Each structure stands twice: as C-alpha cells, then as structure tokens.
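What follows is one structure encoded as structure tokens, with my remarks underneath.
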Number of protein chains: 4
Amino acid sequence: MPRYDFASDNTAPATPEAMAALVTANSGFTSGYGTDEISAHAADLVRALIDADAEVRFLASGTAANALSVAALARPFEAVLAHQHAHICTDETGAPGFFGQGVGLIGLTGAAGRIDPAALDAALEQADVSNRQPAAALSLTNATEFGTVYSAGELARLVQPVKTRGHGVHLDGARIANAAAAGFDLKRIAALGVDLFVLGGAKAGMPPTEALVILNPGLARRIDARLKQAGQLPSKGRFYAAPFVGMLQDGALLRHAAHANAMAARLAAAMPFRIAHPVEANALFVEMDEPTLARLRAAGWFAYRFLDGTVRFVCSWATTEAAVDELSETLRGLA
Amino acid sequence: MPRYDFASDNTAPATPEAMAALVTANSGFTSGYGTDEISAHAADLVRALIDADAEVRFLASGTAANALSVAALARPFEAVLAHQHAHICTDETGAPGFFGQGVGLIGLTGAAGRIDPAALDAALEQADVSNRQPAAALSLTNATEFGTVYSAGELARLVQPVKTRGHGVHLDGARIANAAAAGFDLKRIAALGVDLFVLGGAKAGMPPTEALVILNPGLARRIDARLKQAGQLPSKGRFYAAPFVGMLQDGALLRHAAHANAMAARLAAAMPFRIAHPVEANALFVEMDEPTLARLRAAGWFAYRFLDGTVRFVCSWATTEAAVDELSETLRGLA
Amino acid sequence: MPRYDFASDNTAPATPEAMAALVTANSGFTSGYGTDEISAHAADLVRALIDADAEVRFLASGTAANALSVAALARPFEAVLAHQHAHICTDETGAPGFFGQGVGLIGLTGAAGRIDPAALDAALEQADVSNRQPAAALSLTNATEFGTVYSAGELARLVQPVKTRGHGVHLDGARIANAAAAGFDLKRIAALGVDLFVLGGAKAGMPPTEALVILNPGLARRIDARLKQAGQLPSKGRFYAAPFVGMLQDGALLRHAAHANAMAARLAAAMPFRIAHPVEANALFVEMDEPTLARLRAAGWFAYRFLDGTVRFVCSWATTEAAVDELSETLRGLA
Amino acid sequence: MPRYDFASDNTAPATPEAMAALVTANSGFTSGYGTDEISAHAADLVRALIDADAEVRFLASGTAANALSVAALARPFEAVLAHQHAHICTDETGAPGFFGQGVGLIGLTGAAGRIDPAALDAALEQADVSNRQPAAALSLTNATEFGTVYSAGELARLVQPVKTRGHGVHLDGARIANAAAAGFDLKRIAALGVDLFVLGGAKAGMPPTEALVILNPGLARRIDARLKQAGQLPSKGRFYAAPFVGMLQDGALLRHAAHANAMAARLAAAMPFRIAHPVEANALFVEMDEPTLARLRAAGWFAYRFLDGTVRFVCSWATTEAAVDELSETLRGLA
C-alpha cells in the first residue's frame, strides 16, 4: 500500500481531542436531529470562535454544505461566481447543480487560487439577459484550493462589489483553520458580509463533520427541513457536534492547523522541485513531469496531479517531521 | 430534561462494539472516498451477512440512501409504490422528490404498516396515462414503520407482480436487524428480487452510518459519482465503514437487535394501554389520549404521537430492563 | 372517430377572433422572446382586464405556468396547499415536483372542488417540524376542477389566513373566463392578495397560450431567465400574445365563456343522469355506471370518468345547441 | 423601431404554407395531447423526411426539446459533451442543468462551431473519477452555431468513438433544414447512430413548434408522461403538428431553407467586412468593431455581437433580395 500522508488532509485520522469528545458524547440517550445539548454547546463554541451570532448546524458532508449554500443564494436560473479552480467548480461532481436544480457556476480567473478582482468586476458587469444565467452570488474559498490565503482586506475587496449589487456571499472554509493559523482573522468573517460559510471539520482533523454557519438570518428559515430533505440533518446529531466541542473548547483547531502549516513550510524549505504557488497554508504545488511522478508513486508516496498541472502535497495535523523529511529525501533522489 | 429512552432508536448511544471499531479504525493514513481497506472489509462482511454479491457503500444518511434508491429505480415522471405510512412517504421531508427531481410516491394501504397485496395489485393495474406518474418500482420496509415484520414469503408475494412488470424493488432496512432478530432471513433478500436496499446502521446502534447494498449490478454504474454529487461519498470513508465491522464481525448486530426486540416484548407484556399493532420487533404503538400523553411527558418520558394516532415507544440495544419497568410503572399510574 | 365535443374544452378549435389576431400578427419581422409590440399590447389588455398592475408573460403551457408558480412560492422543502382534486395535484404528472425540485403538495378536502375552509385552517395549524414539508403557499382554482365557481368573498376567506402567515397565493385560472362569465369579478383578484395567477388561453378558445400574471413584483425579478430556462420563453412570442389581443380587445373572451356556460346549463337542464356537483360554469359531472359509459362511447361520444367517479361533460365556445341536444337525446336513450 | 430582418431567423413571420396548414387544422373537435390525426400525419411526414422509423412528438420549445434530450442521455452525475459555443452551452440559460437536475456540460473546442475530433477524443479519454461528472453523451448541432455545416462523414467521425463507448448522441437540428439545403442528407441521420434529435420548426419558418424525433426506441418509453410533466405535451397538439404538415407535404421546408442560404450567400458576396467563418448555411459572422456596430444600429439595423466577438447576420425564408441589398449598401457606407 502506498503512503497517503501527503495525498490530502482527509487521509489523516482524527485528532485525539476530536475523538475523545466523540467518545465522551456517546453516553446516554439524547433527543435527535441536532436538538441535543452537545449540538447546542458546539454551536456556542462556533459562535465564540467567530465572535458573531449565527445559526450553526453540523453536517456530514462538505460537498453538501457547499452545494446547499449555493442553492440558498442563487436560484436555478441564476449563477454563482467562483474561482475556476474552486472545489465547487471542479471537485464536487456538479453538486451545486444537483442541489441547486441546475444553478450555474461562472468560473473566474486569478493566480494561485485567488480570484482576480478585475475578473470579478468584469463578471459582475455582464448584462442581465434572459438567455444566460446571471450572477446572484460569490463563492470564496479560504485557504484557497492552491494553498494560498486571502487576507480579510483582500476578501473585503471581492465582497464589496458583490454586496453592492445585493448579491450573496458564500465562503468555503474547508481549510479555514489553516487560513486562520496563517493569520486570517475569523472574527472578521461576519463583518465582511459573508452570508453563510462552511467551517471545515474533516480536513481540520475531525471525524466526518462540517459546520454550516448561517450569518444571514433570512437564510436560516426552515433550515432543518431543508437539511432533512437533503440528507444532511443527522438523527444522531451529537456525533457531528462532539468533534467540534473537542476541537474548539481549548484551541485545538488552530493549534493543529498551525502544525499542518508548519509541516508544509518545512517541506517547502526542502523541496527540490519548483514550487508553483506561494506556500501560505498546508499545501504545496510543485512542477513535476509525469515520469517523475510515476517514480515517486513507485517509491511508495501517493500524490495527485492537480488542475493546473502541478503535483500537490498536503500536510495535516498528523503529518510528522519525520514523514516530511522522509518524503523530502525521496524527492531529492528524483529531482 | 425528559428521558428519550423510548422516543426512538436513534436517541441511544452507539454500541461498544461499534465504537471500539471506530476507535481502532482511527489510526494511520488511508486513501479516501471509500477506497480504504476498512471499507472493503466492511463490504465483505455485509455480503457475507446476506450471502450474496453486491456493491456496498457506506453513507451518512438513511434519508439520502432511501431517496437515492428511489431515484435509481424511478424517473421524475414515474412513481414509487410504498406503504402510505412508510418513512419515505411521511418522515423524510419529501427527500425522494428532491433527490428524484419530483419523482412521485403512491401510498398504499395495509394494516399495521404492511402493504395490502390487493392494494398493490390495484395500483399496478392502473392504466399508463400521460397525466399521472405511472408506477416504476415498489419500496418495502422491514421491520415496518409500525413494528411489524414481513416474512420472506409475504415479501415474495408483494415483489412478484412488481418484477413481472419489469419494475424495481427497494427495501428500506433501517430496522432490518430487528426484522432479522424476529426471524426474517437476510440471506433471502437477494433471491426475492430486491434491487437495492439500505442496511440500517444508526437505529441498530451504530454512530451515523447506513450501508447501501446494490444487488442489481446495472444500478451500480458510476455509483461513486452519484454519491459524491449527492453529498454521500464521505472523504473519510473508514468512519462510516468501521461501525459495520464492529457490529458484523462477531454477530453483535443481531444480538443487539434481539435485545431491543425483547425489551419491546417486555414492555408490551406490562402495557396497560391498548396495543394497536402486533409487537414483532422493537416498537409498540398504543392508544392514548392527549391528556394522558401530556401527563406522561410531564412525568419525564418523551414519546411521539404517530401517524395513525397512536403513541409510539421504541426500544433499542441500550434499553435496560430497569428502564422498561420504570416506564411501565409510570404508565400504570396513568392508565 | 368518436366525437370529442364534450370530452374537454381543449378539444375545440380556436375562436375566429383568436385566429384572426394570430394571422394578423404574422407579418413582418419583430424582436424575439416577448419583447415585441404585440406582446406588450396583449399585456396591457390583460392588465386592463384585471384593473391592476402586473408583469405579464405569455407561455405555451398551463402545466408549466402552474408549476413555475408553485416553484416561485414554495421551496423544495416546503409544500403548497391545494384542493386534493386540483389539476396540479392530479393531472399534471407531478409537474410541480419537477419544476419545484420535489416541492410538496398537500391535498385539502372540500365538496365539489371547493376547498373546505376548516380543512385549510387545520393544515395551516400543523406544526413546523423538520421531517415534513411545511406549507408555504395556497393554490386555488377558479372555476374549480368540478365546474363550480368561488365568489370573491369565498376566496377572500381562504386567502386571509394564508396571507396572515406570510404565505403566498397562486390561482390556476385555466377556466377563469368561465368563472368570470358566471359572475366572478376579475378586477378583485389583485386586491384578494393573489401573488400570481394563470389566465387561461387554451381552454378559453385560443390556440395554445396561457398568460402568467405576476401581481407580486418581487416574484418578477429575472422572470425571463426563469422562463427561458424552463422552456417557456418563446422566441416567437407574438404567436402566444396575439390570441390574447384577439380575445381581449373587444370582449370575446367573456362572450365565448358565457356561451360555454350557457351550453352547460342547457345540457344540465336536459340531463337524465344525476348531476353530482352544482353546474356553475362550463362542465357537468354526472353519476353513470361503467356499462352505460361504455354504451355512450359506443354511440360515438367520448367522455372521461373523473377523479370522484363521476363522468364529466365539458362545453366550450364551440359547443353548439345542436350538439347539446344531440348528446342529450343519446343520453336519454341510455338512462 | 430597428429592423430585425437579420437579427435572427426567429424574428421572421411564419411561412404561408405553415400558416395555411395551421388555419386548416383549426376545424372541428379533436382528441388532445398529440393523439389527433394531424399529429399522426405530421409524424408520418417526419419519418418520411428522414426515411427511418421514429417516435415523433411536437413541442413548443427547442430549449426544452434539447434539454429533455440531454436529460434522456445523461444522468445528473454525468455530463454531455458539446461544442463550447453550442446553443445548449451558451444560450439556453442552463436549461440542460434544470431539466437534467444538474447534469454537466463539457465544452469542446473546434473552429467555426464544428467540434475538433481531437478535442472530442481527449474528452472521451478522461478517466472516470468520482469527483467529476463523466461523459455519457455527445450533443451535436447542424448547421452549427456559426453557420457551418457538417457533412454526414464528419458527423460519423465524431459519433463513432462515442457510440463505441456506449454513450448516446443528440443532434440539435434547430437549423437542420439549412444544413439539408446545403447538402447534408437527412436520410443518413438514423444510420449515423443519433439517438434523438430536434427537427427545428421555428427557425425554419414555422409558428412555434419543434419536432422531437426519437430514433432509439428505448428512449421513447413513457415519453408522453415525461413531456407532460415538463410542460411540453400540448393539449391542443394539432397546433404544433400542423405547421410541419404544411412545410413537409410538398417540400416547402427545404425550399425555404435553400432561399435563406442563398440570401446569406448574396450578403456574403457583398460584405465589406471580413467574414470570420465559412458561409455554408444561412448566417454570416463578420469582424466589426464596437463603434461600427453602434453606427449600424443607429442606421436602423439590429444585429447581435456573438460569442466569439464577431457580429452575426442571419437570413431566413422571409429575407428578401432587396433587404440584403439595402443592408449591404448600409454596410458599405460603414466599412
């Protein structure tokens, strides 16, 4: 079996803190469908993390959480603007269209996973014609799909013209813990004008769980019926809430994310291949030809070739210095 | 806080066997999206349980598993036949229509949750007209929503005319462990002609997980893309597979289900209110007026009034004899 | 070939006024997608008819117009209340669920096609729970599916509790011309609180066309993109608008509807079978056993057995006194 | 009012032959929903035109006809390959995704609206992964969106690798009459392996109507229920069938298309601006800067700037030599 240490951050096991909370939560009878006390406590911790009021729900799937967010902001005959390499555009098998009944996605350009403000402006200025799906919202990702991190100021620049037009804003935060560990201030999300966002659990080191954080109260109406119909209102809600308790109650979320980022920096420092994008969070993208990638895999390390042709290495809370050094040595042998 | 011991079988914690397997699985890096070895092992155990070849996937949501099954068997302009009180008809917020793009449900009558064969035949004989959604499949539930259990022979009677017409068959097995513990032979499911079914995890005492078991290989094509799009292909698949390993490797699934059934029988034996349906699995339905239910709740026990006007009590693996006796005593005081 | 004179009001040809307008409109080049002058003129005539401001679009399909209305008022995880025998519930092949991505329909009881106010109130009082689709709107039909006519007062009684809750109201007016000819005041629709309605063309004697009349301006945003995506924004819009010009510019719509109603009254006066519902518009429903219906068809007259077991006869602008008398004579021979 | 003569081929009125047939058909009572004799006759004429057996239905909307075709060939988690500038990709407001519940579209490159075979092959060779919608069908357009015409041989080259993989093929024939008039043999469509196609009515000079021609009998099952649910089974079917009778019974369809093509050739011959694509059917695309286009519009002629930046002029059955010459003169004054 090849090693998946660097294949993604969802190949890692769950953190001790998340697992301990899960085991602790597994005691006694509780009411179902997210009405239990553990879910209420986890929601409080999320609100404290972002220092804002919000409806918070714990879901099984980030894909569903993103797609339901898109469907909440744009109708089937409208579209959502996103980076052309955003996860919702390229890696979720058309889930926004499925949950959003054909809702469109308009891909925007921009270096290293960050949306180019000029590309956004141009898209927003498109005329509203009946034969194309007009933009109704913007979807952001932080940290981006290419391991870069928007500052709150950069996000404000993107959000402002969108809100001016009365459109909505979604934030895919599958790796927002990594962004936070890199300096992005989670407490500024609400003030930015984000309507709803996904606070990622799985890639941050939890068992499967994602928090859907609804900042715009108008979007929360009948949200439980919405989630239930979509297969995202777990009967045993405590299992999705407990990991957040474990990770938020004493700062484990950001601590682990900082470790993952540090491991990426360590790998970057030793990387013999050209690094394609700034390493700001927990992933590296390097230029590597196909025979070399084949040899890397033959040497027992699995890595994906990515959308822009680079090869991706992702670190997680579970990545060890030893593993980084071992991989680095292998890579040096291939360079 | 009221006691939820008898409110449902999803209010219970997970069994020790399931949790132990989960904790064990949480070690090391694995590949994602159900391609890991634990998922493969769990699928083998499911196949052994039913003694049949099948594609097996582990999902977060029974609602989604059922709805995707319906959508696999009937197109938007067709309908699925089901008991009028089946979970897909009454408790899943229209999920079949959401996942199936408006696919219809045709409710059939029948005492105590079992479909009346004559009602089924009448529905099948409806003319195929363009202004109504014609039947394309049958959805069965075992144990039924009212705690009764179909024998394999009874199911065969229902399945036969459906398959004769070339229609499909889905089986909602959220409580199939309870049916099996009551004598239903799981090894006969494949021969019955069931196309796909849901082997319930959550209500059987697992953390959130359900097995989608696809017996008709034609329905398995591109199933992973299907599940991914629907938010039901977990990146960390081992967390959904491991509980099945824990529950199937040494027979815990049926052992716990037998306990739940026994607790229901114990409660039935002591029940001072009229029992509305045969108690064959892990639930009782009794006749109780509204003031009495209010007093029961005031006494600290939560129970639901159900679709047919009765009040439901559900036992689980975690139900203790002491709890049954305590509830019985309370009920005697109310009768 | 059997005679379809009384099978429905869509078996008739188009009126001379509608056809003349169509032929007249077929001259010269125009802009497309409803931006032409004929469409603008027809919309003015519709607004004058109802004495209210509204966005008006001309569509090909009443089924689509109704389904899009439902989808505008209720989200997939919500439901629309309607008479259990309303066209959207029974004769449109689940179109609301298709256009509304699984949106639910809740059937209400009521004699002769009119919703029982008590049944409506009971439905509105249902608790908002996550496992069922809660009501978000009411769909009305006037004249009803059983040829009865609501007065504006009766509609007000139904609309009031719905609007009080902030829900929406749709009116299926496939036969609203017949209702108007029977005394229903079209100029009261807007004040009633109807959000959008379908002003029927086809059954009123036009070539295929229906007017979607949007009284709630919030529902009109990006309506052309909505219609285009749904296949209901005709490129050659004048062909759908022109018949309304022909039928509205000099009162032909109501004149022809009055004739249809009169023919139904004439048939009722001579009807030897028991009439099941009050004959208030252009249709009769009579009690007739299956052998008699078979003999009627053998005698060359096609008629449908309807949802409530009665046999329906529908009159249209094209129904002649001679045909009524001929049918009456045949019926007398069968009674 | 500007002149729309060259804005599109749907700005023209209907041909005398189509209108005469419509008026003729508007006589007496008929059965509904396409079961009438005129619909049967028109379907026979379509089968004769293509010299193949097929199920034929007459619909109001080409957008819906295309989208329903896509939905018949690809499931929501699959995708359809098409030229990146095909009408379904760029001009139908995401209708395939709406009718196909999120079905994907994969845009292929190719000069002048024709798909590059190498681009098709590359797309077909993409690995089937769960996180992207895999290809399930190919959608072709003839004449193409840029006024070029595929030969049957060129289409065979594209269809062959698609059918080899068991995928489906759809043909958007909104302008197939123009292709036929340019030499494309309609009688070869069936043998090519096309599963279903749209035989365009509106752009060919009919009132709104399109023929959906289903060559693969497996796709015709319950097609009327499908169409009814989608708002595309007209109750007054004769109005959509009659124009095809008028246009097919004596060859008017191809005669008018040949005229439209000839007018485009005449305009091309006199065109002072650079023509961007071969003029093979009824449209021209020329290079014209924005100030010049503004002056053209100011001179009273409406024309669209198209997807590739060129300005489009479309001729129809109704385009006169005088109009061509008048436009040519204006253009010469601007060049």
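Labels used: A, B, ... for chains in the order of the structure tokens, numbers from 1 for residues in each chain, and numbers from 1 for ligands as shown.
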
Contact set, chain B to chain D: 8 Å, only C-alpha atoms, as a list in words: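 So the contacting residues turn out to be Pro76, Phe77, Glu78, Gln101, Val129, Ser130, Asn131, Arg132, Gln133, Arg222, Asp224, Ala225, Arg226, Lys228 and Gln229 of chain B.
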
Residue set, stretch 135-176 of chain D restricted to helix (DSSP H, G or I), as a list in words: Ala152, Gly153, Glu154, Leu155, Ala156, Arg157, Leu158, Val159, Gln160, Pro161, Val162, Lys163, Thr164 and Ile176 of chain D

Keeping only C-alpha atoms, write those residues as a CSV table (one decimal), in the first residue's frame.
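What follows is the written file out.csv:
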chain,number,residue,atom,x,y,z
D,152,ALA,CA,-22.5,13.1,-42.8
D,153,GLY,CA,-19.0,11.9,-42.9
D,154,GLU,CA,-17.7,14.5,-40.5
D,155,LEU,CA,-20.6,13.6,-38.1
D,156,ALA,CA,-19.8,9.9,-38.4
D,157,ARG,CA,-16.2,10.6,-37.4
D,158,LEU,CA,-17.5,12.3,-34.2
D,159,VAL,CA,-20.2,9.8,-33.4
D,160,GLN,CA,-18.2,6.7,-33.9
D,161,PRO,CA,-15.9,6.9,-30.8
D,162,VAL,CA,-18.9,8.0,-28.7
D,163,LYS,CA,-21.1,5.0,-29.7
D,164,THR,CA,-18.1,2.7,-29.2
D,176,ILE,CA,-31.1,21.3,-39.8

Contact residues around C:Val213 with only C-alpha atoms at 9 Å, ignoring same-chain residues under 5 positions, as a list of chain:residue names: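 Counting only C-alpha atoms, the residues come to C:Ala43, C:Val46, C:Arg47, C:Ala54, C:Glu55, C:Val56, C:Arg57, C:Phe58, C:Asp195, C:Leu196, C:Phe197, C:Val198, C:Leu199.
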
Would you mind listing, for every residue of stretch 179-214 of chain A within 8 Å of stretch 8-25 of chain A, the two atoms forming the shortest contact and the distance between them in Å to one decimal, using only C-alpha atoms, sorted by chain and ascending residue number, as JSON lines?
{"residue": "A:Ala202", "atom": "CA", "partner": "A:Asn10", "partner_atom": "CA", "distance": 6.2}
{"residue": "A:Lys203", "atom": "CA", "partner": "A:Asn10", "partner_atom": "CA", "distance": 5.1}
{"residue": "A:Ala204", "atom": "CA", "partner": "A:Asp9", "partner_atom": "CA", "distance": 7.5}
{"residue": "A:Gly205", "atom": "CA", "partner": "A:Ala14", "partner_atom": "CA", "distance": 4.8}
{"residue": "A:Met206", "atom": "CA", "partner": "A:Ala14", "partner_atom": "CA", "distance": 4.7}
{"residue": "A:Pro207", "atom": "CA", "partner": "A:Ala14", "partner_atom": "CA", "distance": 5.4}

Residue list (strand (DSSP E or B), DSSP) for stretch 27-273 of chain D, as a PyMOL selection string: chain D and resi 55-59+79-83+104-108+135-141+168-173+196-200+210-214
